[in-house]
Every structure is written in C-alpha cells, then in structure tokens.
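To be precise, the following lines are final-v5.cif, and they hold mmCIF, C-alpha atoms.
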data_data
loop_
_atom_site.label_atom_id
_atom_site.label_comp_id
_atom_site.auth_asym_id
_atom_site.auth_seq_id
_atom_site.Cartn_x
_atom_site.Cartn_y
_atom_site.Cartn_z
CA MET W 1 84.55 83.98 90.41
CA TYR W 2 87.09 85.99 92.37
CA ARG W 3 89.16 88.62 90.60
CA VAL W 4 92.95 88.66 90.69
CA SER W 5 93.44 90.42 94.08
CA ARG W 6 91.11 88.06 95.96
CA ASN W 7 92.59 85.07 94.14
CA LEU W 8 96.05 86.22 95.24
CA GLU W 9 94.99 86.57 98.88
CA ALA W 10 93.21 83.21 98.87
CA SER W 11 96.16 81.48 97.17
CA VAL W 12 98.63 82.76 99.79
CA ILE W 13 96.26 81.82 102.63
CA ASP W 14 95.73 78.31 101.21
CA TYR W 15 99.49 77.88 100.73
CA LEU W 16 100.39 78.97 104.26
CA THR W 17 97.58 76.86 105.75
CA ALA W 18 98.82 73.75 103.94
CA GLU W 19 102.45 74.42 104.88
CA LEU W 20 101.54 74.93 108.55
CA ILE W 21 99.96 71.47 108.56
CA THR W 22 102.87 69.90 106.66
CA ASP W 23 105.41 71.38 109.07
CA GLY W 24 103.46 70.35 112.18
CA TRP W 25 102.30 73.75 113.42
CA ILE W 26 99.07 73.33 115.38
CA GLY W 27 96.36 75.86 116.22
CA ILE W 28 97.51 78.68 113.92
CA ARG W 29 94.73 80.34 111.94
CA THR W 30 95.20 82.06 108.58
CA VAL W 31 92.73 84.81 107.70
CA LYS W 32 92.29 87.72 105.30
CA ALA W 33 90.70 90.39 107.48
CA PHE W 34 91.72 92.15 110.69
CA THR W 35 88.27 91.60 112.15
CA GLU W 36 88.76 87.84 111.83
CA VAL W 37 91.99 88.07 113.83
CA TYR W 38 90.25 89.60 116.84
CA GLU W 39 87.24 87.28 116.65
CA GLY W 40 89.30 84.11 117.15
CA THR W 41 92.24 82.63 118.96
CA LEU W 42 95.95 83.41 118.72
CA PRO W 43 98.30 82.82 117.00
CA CYS W 44 97.00 84.03 113.68
CA ILE W 45 98.42 85.01 110.28
CA CYS W 46 96.56 87.69 108.32
CA VAL W 47 97.13 88.20 104.56
CA ASN W 48 96.01 91.41 102.79
CA VAL W 49 96.47 92.77 99.29
CA LEU W 50 96.82 96.50 99.90
CA GLU W 51 97.65 98.07 96.59
CA ILE W 52 97.93 97.39 92.88
CA ARG W 53 100.45 99.41 90.89
CA PRO W 54 100.13 98.80 87.15
CA GLN W 55 103.23 99.40 85.06
CA LYS W 56 103.39 99.42 81.26
CA LEU W 57 105.05 96.34 79.84
CA GLU W 58 106.98 98.52 77.39
CA ILE W 59 106.78 101.98 75.88
CA GLY W 60 103.68 102.30 73.72
CA SER W 61 102.16 99.07 75.04
CA LYS W 62 98.62 98.94 76.36
CA THR W 63 99.55 95.89 78.44
CA ASN W 64 100.21 96.47 82.13
CA ILE W 65 102.07 94.31 84.61
CA LYS W 66 100.21 94.59 87.90
CA TYR W 67 102.47 94.77 90.93
CA PHE W 68 100.69 94.01 94.20
CA THR W 69 101.66 95.13 97.68
CA VAL W 70 100.85 92.33 100.11
CA ASN W 71 101.06 92.52 103.89
CA ILE W 72 101.39 89.38 105.96
CA ARG W 73 100.82 90.10 109.63
CA ILE W 74 101.58 87.64 112.38
CA PHE W 75 99.67 87.93 115.64
CA ALA W 76 101.52 85.85 118.22
CA LYS W 77 101.14 85.10 121.93
CA ALA W 78 104.76 85.92 122.82
CA ASP W 79 107.84 87.52 121.32
CA GLY W 80 109.61 84.19 120.80
CA MET W 81 106.59 82.83 118.94
CA ARG W 82 106.52 86.01 116.82
CA LEU W 83 110.16 85.50 115.83
CA ASP W 84 109.72 81.79 115.08
CA LEU W 85 106.60 82.34 112.98
CA SER W 86 108.06 85.30 111.08
CA ASP W 87 111.20 83.31 110.21
CA TRP W 88 109.04 80.37 109.11
CA VAL W 89 106.73 82.54 106.95
CA PHE W 90 109.69 84.31 105.33
CA GLU W 91 111.32 80.96 104.45
CA LYS W 92 108.06 79.69 102.96
CA ILE W 93 107.47 82.72 100.74
CA GLU W 94 111.00 82.89 99.31
CA ASP W 95 109.93 80.54 96.51
CA ASP W 96 107.13 81.19 94.04
CA ILE W 97 103.64 80.38 95.34
CA ASP W 98 100.98 78.63 93.26
CA TYR W 99 98.28 81.01 92.06
CA TYR W 100 94.73 79.67 91.82
CA GLU W 101 91.55 81.04 90.32
CA TYR W 102 88.61 80.34 92.62
CA ALA W 103 85.04 79.60 91.56
CA ILE W 104 82.35 80.73 93.99
CA THR W 105 78.93 79.12 94.36
CA ASP W 106 76.37 80.48 96.84
CA GLY W 107 79.07 82.62 98.49
CA ALA W 108 81.52 79.77 99.10
CA VAL W 109 84.51 78.44 97.19
CA SER W 110 83.30 75.54 95.06
CA ASP W 111 86.42 74.93 92.95
CA LYS W 112 89.91 76.22 92.32
CA GLU W 113 92.16 75.87 89.30
CA LEU W 114 95.94 76.30 89.20
CA SER W 115 96.55 79.22 86.83
CA GLY W 116 100.09 80.48 87.47
CA LYS W 117 102.62 81.55 90.08
CA ILE W 118 102.90 84.41 92.52
CA VAL W 119 106.40 85.85 92.08
CA ILE W 120 107.81 88.07 94.81
CA THR W 121 109.95 90.87 93.41
CA ARG W 122 111.01 92.63 96.62
CA TYR W 123 110.43 92.94 100.33
CA PHE W 124 109.59 96.25 101.97
CA GLU W 125 109.55 95.21 105.62
CA ASN W 126 110.10 92.24 107.89
CA LYS W 127 109.88 93.58 111.43
CA LYS W 128 108.07 93.74 114.73
CA GLU W 129 105.18 96.04 113.88
CA LEU W 130 104.56 97.84 117.17
CA THR W 131 107.34 98.85 119.53
CA ASN W 132 105.35 100.60 122.27
CA THR W 133 103.14 97.73 123.42
CA GLU W 134 102.11 98.96 126.87
CA ASN W 135 98.37 98.80 127.49
CA LEU W 136 97.68 96.92 124.24
CA GLU W 137 95.52 93.85 123.80
CA LEU W 138 97.47 90.59 123.65
CA ALA W 139 96.68 90.27 119.94
CA ASP W 140 98.56 93.53 119.26
CA LYS W 141 101.51 93.14 121.64
CA PHE W 142 103.37 90.63 119.51
CA ARG W 143 102.51 91.66 115.95
CA HIS W 144 104.96 91.20 113.11
CA LEU W 145 104.73 92.67 109.59
CA ILE W 146 106.11 91.20 106.40
CA SER W 147 105.36 93.54 103.50
CA LEU W 148 106.24 92.61 99.93
CA GLU W 149 105.71 93.32 96.27
CA CYS W 150 104.71 90.60 93.84
CA TYR W 151 103.08 89.94 90.50
CA VAL W 152 101.08 87.03 89.11
CA ALA W 153 102.72 85.11 86.27
CA MET W 154 99.90 83.37 84.44
CA ASP W 155 100.43 79.99 82.76
#

As structure tokens, the full file:
Amino acid sequence: MYRVSRNLEASVIDYLTAELITDGWIGIRTVKAFTEVYEGTLPCICVNVLEIRPQKLEIGSKTNIKYFTVNIRIFAKADGMRLDLSDWVFEKIEDDIDYYEYAITDGAVSDKELSGKIVITRYFENKKELTNTENLELADKFRHLISLECYVAMD
C-alpha cells in the first residue's frame, strides 16, 4: 500500500491522464520522475510531491494537517504547446481532485479506493521554468512549472 505522498502523486497523475483522454489530447505522457521524462517522447507532464509541512490543527493538539508542495512540470515541443498545456493543466486543477489509496501487489497497482479530495490552498508559481534555453536539449527548452500547496481531505 502506498503512503499519502505517493497516493497523492498517483491520484494527480491518474486524474490528468483521464482528463487528457476526455479532452482529446493525444500522445501526452504523465509521469512521476524526471528520469521518465527523458526516457520517452514529448510532450510530457511530470508530477512530484516535494515537501510535506505539518501544521498543528489547533494549539495543544497532537493532530497535524499536512500541507504538501507539489510541482507539475510540463515538457513541451514548442512554446505555443507549453502555453496551451499549462493553461489546460491550471484549469483542470482549479477544482478539487479525487484522492485514491492504492493497493500494490507484486510491485504493481492492483486496486485503488476513493478516500477523499486533494484541496489546493495556494499557488506558488505558474511560469516558464527556464529562460536561457540556448544549448539545451529539446525536453528542457520548453519547460513550464506549476507549483502549488495542497492538503488531503479524507472522507
């Protein structure tokens, strides 16, 4: 069974993958690791949980609300594609995202159960990630970063 951070990553990846299909985007991969981006084709969307910042629910409480920093990176083939995909991703994540708990059997996902919602509390960045793109690989020339804070509201 995945723990909360991996469940969060997998839930966002599953959500974006399903929405790409629903909205007719073709050939866009969604991954969770930088190495996977460079091992495949472009365009690609990479989702990473970077940090967990627990905060006490109230003074004297032993209960923490865990705030997660999540980066969503878009690796596009051109600047126009980068802009279109970043606008699309931002629109899709404005609403709460279903949070699933994943069961793992022999190293692969064998089941998932809806367990709550991923609630975005604020955005840190939504911008072209690299400005000096001379002499960079194509995968890095048209990168976009959406960085946000969220928490998981369990049912």

Can you list what the PyMOL selection byres ((chain W and resi 74-85) around 6) grabs from this structure, as an mmCIF file with C-alpha atoms, in the frame of the given file?
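The resulting file, expr_8.cif, is shown below:
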data_model
loop_
_atom_site.group_PDB
_atom_site.id
_atom_site.type_symbol
_atom_site.label_atom_id
_atom_site.label_comp_id
_atom_site.auth_asym_id
_atom_site.auth_seq_id
_atom_site.Cartn_x
_atom_site.Cartn_y
_atom_site.Cartn_z
ATOM 1 C CA PRO W 43 98.300 82.820 117.000
ATOM 2 C CA CYS W 44 97.000 84.030 113.680
ATOM 3 C CA ILE W 45 98.420 85.010 110.280
ATOM 4 C CA ARG W 73 100.820 90.100 109.630
ATOM 5 C CA SER W 86 108.060 85.300 111.080
ATOM 6 C CA ASP W 87 111.200 83.310 110.210
ATOM 7 C CA TRP W 88 109.040 80.370 109.110
ATOM 8 C CA ALA W 139 96.680 90.270 119.940
ATOM 9 C CA PHE W 142 103.370 90.630 119.510
ATOM 10 C CA ARG W 143 102.510 91.660 115.950
ATOM 11 C CA HIS W 144 104.960 91.200 113.110
#

*Within 6 Å of (106.3, 84.5, 97.1), in the coordinates the file gives, what residues turn up when you count all atoms listed in the file, written out as a PyMOL selection string?*
chain W and resi 93-97+118-120

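For the pair CA of Ile72 in chain W and CA of Ile146 in chain W, the separation is 5.1 Å.
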
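Here the PyMOL selection byres ((chain W and resi 150) around 10) catches exactly these residues: Leu8, Ile52, Lys66, Tyr67, Phe68, Thr69, Val70, Asp96, Ile118, Val119, Ile120, Thr121, Arg122, Tyr123, Leu148, Glu149, Tyr151, Val152 and Ala153 of chain W.
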
_Pairwise distance for CA of Val12 in chain W and CA of Val47 in chain W, rounded to one decimal in Å_ =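 Interatomic distance, CA of Val12 in chain W to CA of Val47 in chain W: 7.4 Å.
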
*Just give me the gap between CA of Val4 in chain W and CA of Lys127 in chain W in Å, one decimal is fine.*
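CA of Lys127 in chain W lies at a distance of 27.2 Å from CA of Val4 in chain W.
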
*Within 10 Å of Val31 in chain W, counting only C-alpha atoms, which residues show up once you throw out same-chain ones fewer than 3 positions away? Write them as a list in words, please.*
Glu9, Ala10, Ile13, Asp14, Thr17, Ile28, Phe34, Thr35, Glu36, Val37, Cys44, Ile45, Cys46, Val47, Asn48, Ile72 and Arg73 of chain W

*Using all atoms listed in the file, find the one residue out of W:Lys62, W:Arg53, W:Arg6, W:Lys92 that sits nearest to Ala18 in chain W.*
W:Lys92
